[in-house]
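The structure under discussion appears below in the form of structure tokens.
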Amino acid sequence: MRSMTGFGRASAIHENFQISVEVRSVNRKNLDAIVTMPREWQALEGGILSALKERVERGRVVILVQAQPASDRDDEAFEAASIANLVEEFRALSESLKVPFTVSPDLLLQLALYAKKNQSLPEPEEVEGALLDAFQRALAFMMGMRESEGLKLAADLKVRAEDLGELITAIEGYADGTVARYRELLLQRLRQGALHLDLNDERVLKEIALFADRSDIAEEITRLKSHLDQLFQFLEFEGPVGRRTDFLLQEMNREINTIGSKSNDIRISRQVIAFKNELERLREQVANIE
């Protein structure tokens, strides 16, 4: 089980450029990916998205690709020709504006930094390998974070699922003998009204049979138990289970609503309310699962 929240960062060096990649994800019902990268490298976006879809099924994923000169490299040198061209351009501009122009070490340094900052980026096919490698490593960091948080979510969901199991057991216990209790209550009310009917009276038997049919929750309890067993199985899965778990909780909510509408036992009604409250907390947590 994995969470949908994570972050990863990695970098790579290509010639005299440093490529950095950040990947971050948050909750989203489906996979929604946004890639921000230099315009010159946008042809590589398809490869990045394909690699992402192989690892991620749900969540809003933002991928940021940046490139800058690797200024910390010892073997990097300023482009003398670029600086010289810039000096001549400034000289020509100064002459046209009739402004004195003097070349100083400080000016050369500023022009060198400007030239380095505005270096043309390599062609996409030249950096594709380094960029995808950095992306895969950033993605691995993010997935590790999602898996780590997923383990914590699974532990919390397991505790809540066990609480649901206890509530189902209580409901099942209160449901035993419901028809017999109703039969006795019906006869007691008949006696209070001075109506002495034979236990084999067709009207009495029909009323009891109708109540038994309306109040029988055995099938709903059986399905709830089955759904709960499946939920525990999902909590042990390593892959994406968010959609299936969410659907399963919807089915459990439908069954518990049916139990609540069928039963007129206050004890069962209390357990139904507690069950629905705990189920809602489960659904809030499942919204974080991939």
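Letters for chains follow the order of the structure tokens (A, B, ...), residue numbers begin at 1 for each chain, and ligand numbers begin at 1 in the order shown.
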Please identify all polymer residues within 10 Å of Met143 (chain A), counting only C-alpha atoms, omitting same-chain residues fewer than 2 positions from it, and present them as a PDB file with N, CA and C atoms, in the first residue's frame.
```pdb
ATOM      1  N   ARG A   2       0.505   2.213  -0.821  1.00  0.00           N
ATOM      2  CA  ARG A   2       1.288   3.436  -0.917  1.00  0.00           C
ATOM      3  C   ARG A   2       0.397   4.659  -0.704  1.00  0.00           C
ATOM      4  N   SER A   3       0.995   5.680  -0.098  1.00  0.00           N
ATOM      5  CA  SER A   3       0.332   6.968   0.009  1.00  0.00           C
ATOM      6  C   SER A   3       0.438   7.690  -1.330  1.00  0.00           C
ATOM      7  N   MET A   4      -0.298   8.783  -1.486  1.00  0.00           N
ATOM      8  CA  MET A   4      -0.166   9.588  -2.703  1.00  0.00           C
ATOM      9  C   MET A   4       0.677  10.835  -2.474  1.00  0.00           C
ATOM     10  N   THR A   5       1.261  10.961  -1.303  1.00  0.00           N
ATOM     11  CA  THR A   5       2.073  12.133  -0.980  1.00  0.00           C
ATOM     12  C   THR A   5       3.554  11.758  -0.976  1.00  0.00           C
ATOM     13  N   GLY A   6       4.351  12.512  -1.711  1.00  0.00           N
ATOM     14  CA  GLY A   6       5.784  12.213  -1.743  1.00  0.00           C
ATOM     15  C   GLY A   6       6.579  13.301  -2.435  1.00  0.00           C
ATOM     16  N   PHE A   7       7.890  13.236  -2.260  1.00  0.00           N
ATOM     17  CA  PHE A   7       8.792  14.219  -2.875  1.00  0.00           C
ATOM     18  C   PHE A   7      10.119  13.549  -3.163  1.00  0.00           C
ATOM     19  N   GLY A   8      10.716  13.919  -4.294  1.00  0.00           N
ATOM     20  CA  GLY A   8      12.042  13.403  -4.637  1.00  0.00           C
ATOM     21  C   GLY A   8      12.817  14.408  -5.463  1.00  0.00           C
ATOM     22  N   VAL A  23      10.384  15.985  -8.192  1.00  0.00           N
ATOM     23  CA  VAL A  23       9.093  15.325  -8.395  1.00  0.00           C
ATOM     24  C   VAL A  23       8.340  15.365  -7.069  1.00  0.00           C
ATOM     25  N   ARG A  24       7.142  15.903  -7.104  1.00  0.00           N
ATOM     26  CA  ARG A  24       6.323  15.959  -5.896  1.00  0.00           C
ATOM     27  C   ARG A  24       4.896  15.537  -6.234  1.00  0.00           C
ATOM     28  N   SER A  25       4.230  14.880  -5.294  1.00  0.00           N
ATOM     29  CA  SER A  25       2.872  14.392  -5.551  1.00  0.00           C
ATOM     30  C   SER A  25       1.978  14.605  -4.342  1.00  0.00           C
ATOM     31  N   ARG A  55       5.125   3.733 -12.988  1.00  0.00           N
ATOM     32  CA  ARG A  55       5.311   3.604 -11.545  1.00  0.00           C
ATOM     33  C   ARG A  55       4.147   4.166 -10.726  1.00  0.00           C
ATOM     34  N   VAL A  56       3.398   5.092 -11.286  1.00  0.00           N
ATOM     35  CA  VAL A  56       2.385   5.815 -10.517  1.00  0.00           C
ATOM     36  C   VAL A  56       1.024   5.658 -11.184  1.00  0.00           C
ATOM     37  N   ARG A 137      15.803   8.618 -10.702  1.00  0.00           N
ATOM     38  CA  ARG A 137      16.290   8.638  -9.326  1.00  0.00           C
ATOM     39  C   ARG A 137      15.407   9.511  -8.437  1.00  0.00           C
ATOM     40  N   ALA A 138      14.964  10.663  -8.971  1.00  0.00           N
ATOM     41  CA  ALA A 138      14.043  11.518  -8.209  1.00  0.00           C
ATOM     42  C   ALA A 138      12.726  10.787  -7.966  1.00  0.00           C
ATOM     43  N   LEU A 139      12.248  10.067  -8.991  1.00  0.00           N
ATOM     44  CA  LEU A 139      11.009   9.312  -8.860  1.00  0.00           C
ATOM     45  C   LEU A 139      11.145   8.203  -7.818  1.00  0.00           C
ATOM     46  N   ALA A 140      12.308   7.564  -7.786  1.00  0.00           N
ATOM     47  CA  ALA A 140      12.541   6.502  -6.801  1.00  0.00           C
ATOM     48  C   ALA A 140      12.490   7.059  -5.379  1.00  0.00           C
ATOM     49  N   PHE A 141      13.054   8.244  -5.174  1.00  0.00           N
ATOM     50  CA  PHE A 141      12.982   8.879  -3.849  1.00  0.00           C
ATOM     51  C   PHE A 141      11.529   9.170  -3.476  1.00  0.00           C
ATOM     52  N   MET A 145       9.172   7.509  -0.378  1.00  0.00           N
ATOM     53  CA  MET A 145       8.429   8.289   0.614  1.00  0.00           C
ATOM     54  C   MET A 145       6.959   7.880   0.626  1.00  0.00           C
ATOM     55  N   ARG A 146       6.382   7.634  -0.550  1.00  0.00           N
ATOM     56  CA  ARG A 146       4.979   7.211  -0.637  1.00  0.00           C
ATOM     57  C   ARG A 146       4.787   5.838   0.022  1.00  0.00           C
ATOM     58  N   GLU A 147       5.750   4.943  -0.175  1.00  0.00           N
ATOM     59  CA  GLU A 147       5.642   3.608   0.415  1.00  0.00           C
ATOM     60  C   GLU A 147       5.783   3.664   1.931  1.00  0.00           C
ATOM     61  N   SER A 148       6.698   4.509   2.401  1.00  0.00           N
ATOM     62  CA  SER A 148       6.891   4.633   3.848  1.00  0.00           C
ATOM     63  C   SER A 148       5.637   5.167   4.527  1.00  0.00           C
ATOM     64  N   GLU A 149       5.036   6.187   3.944  1.00  0.00           N
ATOM     65  CA  GLU A 149       3.807   6.733   4.517  1.00  0.00           C
ATOM     66  C   GLU A 149       2.659   5.738   4.355  1.00  0.00           C
TER      67      GLU A 149
END
```
Neighbours of Asn253 (chain A) within 10 Å (only C-alpha atoms; same-chain residues fewer than 5 positions away dropped), as a VMD selection string?
chain A and resid 224 247 to 248 258 to 259 275 to 276 279 to 280
Within 12 Å of region 52-54 of chain A using only C-alpha atoms, minus same-chain residues under 2 positions, as a PyMOL selection string
chain A and resi 23-25+30-35+45-50+56-63+132+135-140+142-143
Produce a file of the selected residues containing N, CA and C atoms, as an mmCIF file, in the first residue's frame.
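Here's the written file selection.cif:
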```cif
data_model
loop_
_atom_site.group_PDB
_atom_site.id
_atom_site.type_symbol
_atom_site.label_atom_id
_atom_site.label_comp_id
_atom_site.auth_asym_id
_atom_site.auth_seq_id
_atom_site.Cartn_x
_atom_site.Cartn_y
_atom_site.Cartn_z
ATOM 1 N N VAL A 23 10.384 15.985 -8.192
ATOM 2 C CA VAL A 23 9.093 15.325 -8.395
ATOM 3 C C VAL A 23 8.340 15.365 -7.069
ATOM 4 N N ARG A 24 7.142 15.903 -7.104
ATOM 5 C CA ARG A 24 6.323 15.959 -5.896
ATOM 6 C C ARG A 24 4.896 15.537 -6.234
ATOM 7 N N SER A 25 4.230 14.880 -5.294
ATOM 8 C CA SER A 25 2.872 14.392 -5.551
ATOM 9 C C SER A 25 1.978 14.605 -4.342
ATOM 10 N N ASN A 30 -7.433 10.634 -9.868
ATOM 11 C CA ASN A 30 -6.762 9.986 -10.992
ATOM 12 C C ASN A 30 -5.347 10.528 -11.104
ATOM 13 N N LEU A 31 -4.590 10.049 -12.084
ATOM 14 C CA LEU A 31 -3.238 10.545 -12.306
ATOM 15 C C LEU A 31 -3.304 11.845 -13.091
ATOM 16 N N ASP A 32 -2.730 12.890 -12.523
ATOM 17 C CA ASP A 32 -2.695 14.211 -13.151
ATOM 18 C C ASP A 32 -1.261 14.712 -13.067
ATOM 19 N N ALA A 33 -0.558 14.690 -14.199
ATOM 20 C CA ALA A 33 0.871 15.045 -14.210
ATOM 21 C C ALA A 33 1.091 16.377 -14.905
ATOM 22 N N ILE A 34 1.946 17.195 -14.302
ATOM 23 C CA ILE A 34 2.327 18.488 -14.876
ATOM 24 C C ILE A 34 3.852 18.525 -14.967
ATOM 25 N N VAL A 35 4.372 18.797 -16.159
ATOM 26 C CA VAL A 35 5.821 18.846 -16.370
ATOM 27 C C VAL A 35 6.222 20.270 -16.733
ATOM 28 N N GLU A 45 9.367 15.484 -22.951
ATOM 29 C CA GLU A 45 8.273 15.368 -21.970
ATOM 30 C C GLU A 45 7.552 14.027 -22.087
ATOM 31 N N GLY A 46 7.356 13.550 -23.310
ATOM 32 C CA GLY A 46 6.666 12.280 -23.506
ATOM 33 C C GLY A 46 7.365 11.122 -22.824
ATOM 34 N N GLY A 47 8.688 11.075 -22.917
ATOM 35 C CA GLY A 47 9.447 10.008 -22.265
ATOM 36 C C GLY A 47 9.331 10.071 -20.755
ATOM 37 N N ILE A 48 9.316 11.283 -20.212
ATOM 38 C CA ILE A 48 9.178 11.454 -18.768
ATOM 39 C C ILE A 48 7.806 10.957 -18.304
ATOM 40 N N LEU A 49 6.762 11.332 -19.035
ATOM 41 C CA LEU A 49 5.411 10.914 -18.650
ATOM 42 C C LEU A 49 5.231 9.405 -18.768
ATOM 43 N N SER A 50 5.840 8.812 -19.790
ATOM 44 C CA SER A 50 5.748 7.354 -19.951
ATOM 45 C C SER A 50 6.405 6.639 -18.778
ATOM 46 N N VAL A 56 3.398 5.092 -11.286
ATOM 47 C CA VAL A 56 2.385 5.815 -10.517
ATOM 48 C C VAL A 56 1.024 5.658 -11.184
ATOM 49 N N GLU A 57 -0.001 5.365 -10.368
ATOM 50 C CA GLU A 57 -1.360 5.187 -10.894
ATOM 51 C C GLU A 57 -2.282 6.341 -10.536
ATOM 52 N N ARG A 58 -2.103 6.910 -9.342
ATOM 53 C CA ARG A 58 -2.989 8.001 -8.911
ATOM 54 C C ARG A 58 -2.181 9.114 -8.261
ATOM 55 N N GLY A 59 -2.775 10.329 -8.281
ATOM 56 C CA GLY A 59 -2.155 11.461 -7.615
ATOM 57 C C GLY A 59 -1.854 12.597 -8.587
ATOM 58 N N ARG A 60 -1.759 13.791 -8.038
ATOM 59 C CA ARG A 60 -1.333 14.952 -8.821
ATOM 60 C C ARG A 60 0.185 15.048 -8.691
ATOM 61 N N VAL A 61 0.893 14.872 -9.793
ATOM 62 C CA VAL A 61 2.353 14.830 -9.775
ATOM 63 C C VAL A 61 2.903 16.039 -10.545
ATOM 64 N N VAL A 62 3.738 16.809 -9.876
ATOM 65 C CA VAL A 62 4.375 17.978 -10.501
ATOM 66 C C VAL A 62 5.854 17.667 -10.680
ATOM 67 N N ILE A 63 6.323 17.779 -11.929
ATOM 68 C CA ILE A 63 7.717 17.483 -12.264
ATOM 69 C C ILE A 63 8.388 18.775 -12.736
ATOM 70 N N LEU A 132 16.718 11.651 -18.123
ATOM 71 C CA LEU A 132 15.859 10.543 -17.706
ATOM 72 C C LEU A 132 16.442 9.791 -16.517
ATOM 73 N N PHE A 135 15.629 11.866 -13.562
ATOM 74 C CA PHE A 135 14.201 11.740 -13.266
ATOM 75 C C PHE A 135 13.893 10.413 -12.572
ATOM 76 N N GLN A 136 14.473 9.323 -13.066
ATOM 77 C CA GLN A 136 14.218 8.011 -12.457
ATOM 78 C C GLN A 136 14.680 7.988 -11.005
ATOM 79 N N ARG A 137 15.803 8.618 -10.702
ATOM 80 C CA ARG A 137 16.290 8.638 -9.326
ATOM 81 C C ARG A 137 15.407 9.511 -8.437
ATOM 82 N N ALA A 138 14.964 10.663 -8.971
ATOM 83 C CA ALA A 138 14.043 11.518 -8.209
ATOM 84 C C ALA A 138 12.726 10.787 -7.966
ATOM 85 N N LEU A 139 12.248 10.067 -8.991
ATOM 86 C CA LEU A 139 11.009 9.312 -8.860
ATOM 87 C C LEU A 139 11.145 8.203 -7.818
ATOM 88 N N ALA A 140 12.308 7.564 -7.786
ATOM 89 C CA ALA A 140 12.541 6.502 -6.801
ATOM 90 C C ALA A 140 12.490 7.059 -5.379
ATOM 91 N N MET A 142 10.777 9.696 -4.433
ATOM 92 C CA MET A 142 9.377 10.005 -4.163
ATOM 93 C C MET A 142 8.582 8.741 -3.842
ATOM 94 N N MET A 143 8.810 7.672 -4.616
ATOM 95 C CA MET A 143 8.082 6.425 -4.381
ATOM 96 C C MET A 143 8.440 5.830 -3.021
#
```
List the spatial neighbours of Arg223 (chain A) as a ChimeraX atom specification - criterion: any atom at most 10 Å away, only C-alpha atoms, same-chain residues fewer than 6 positions off excluded.
/A:229,251-252,255-256
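Remark: for Ile217 (chain A), the closest of the candidate residues A:Gln233, A:Gln192, A:Asn264, A:Thr36 is A:Asn264 (distances computed over only C-alpha atoms).
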Selection near Gln68 (chain A), 7 Å with only C-alpha atoms, sequence-local residues under 5 positions removed, as a ChimeraX atom specification
/A:17-19
Write to file, as an mmCIF file, in the first residue's frame, the residues of the selection just made, with N, CA and C atoms.
```cif
data_model
loop_
_atom_site.group_PDB
_atom_site.id
_atom_site.type_symbol
_atom_site.label_atom_id
_atom_site.label_comp_id
_atom_site.auth_asym_id
_atom_site.auth_seq_id
_atom_site.Cartn_x
_atom_site.Cartn_y
_atom_site.Cartn_z
ATOM 1 N N PHE A 17 26.688 21.564 -18.004
ATOM 2 C CA PHE A 17 25.383 21.914 -17.473
ATOM 3 C C PHE A 17 24.982 20.954 -16.361
ATOM 4 N N GLN A 18 24.351 21.514 -15.328
ATOM 5 C CA GLN A 18 23.781 20.684 -14.278
ATOM 6 C C GLN A 18 22.267 20.612 -14.484
ATOM 7 N N ILE A 19 21.752 19.389 -14.544
ATOM 8 C CA ILE A 19 20.319 19.163 -14.733
ATOM 9 C C ILE A 19 19.743 18.713 -13.395
#
```
Where does DSSP see alpha helix (DSSP H) in region 44-106 of chain A, if you list the residues as an MDAnalysis selection string?
chainID A and resid 45:55 80:97 105:106
How many Å separate CA of Val21 (chain A) from CA of Leu131 (chain A)?
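Between CA of Val21 (chain A) and CA of Leu131 (chain A) the gap is 7.9 Å.
Pairwise distance (CA of Trp41 (chain A), CA of Pro124 (chain A)) equals 5.1 Å.
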Selected residue, from A:Leu121, A:Ala10, A:Val272, A:Ala67, that lies nearest to Met37 (chain A) when counting only C-alpha atoms
A:Ala67
I'd like the interatomic distance between CA of Asp163 (chain A) and CA of Ala287 (chain A), to a tenth of an Å.
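Spanning CA of Asp163 (chain A) to CA of Ala287 (chain A) is a straight-line distance of 19.3 Å.
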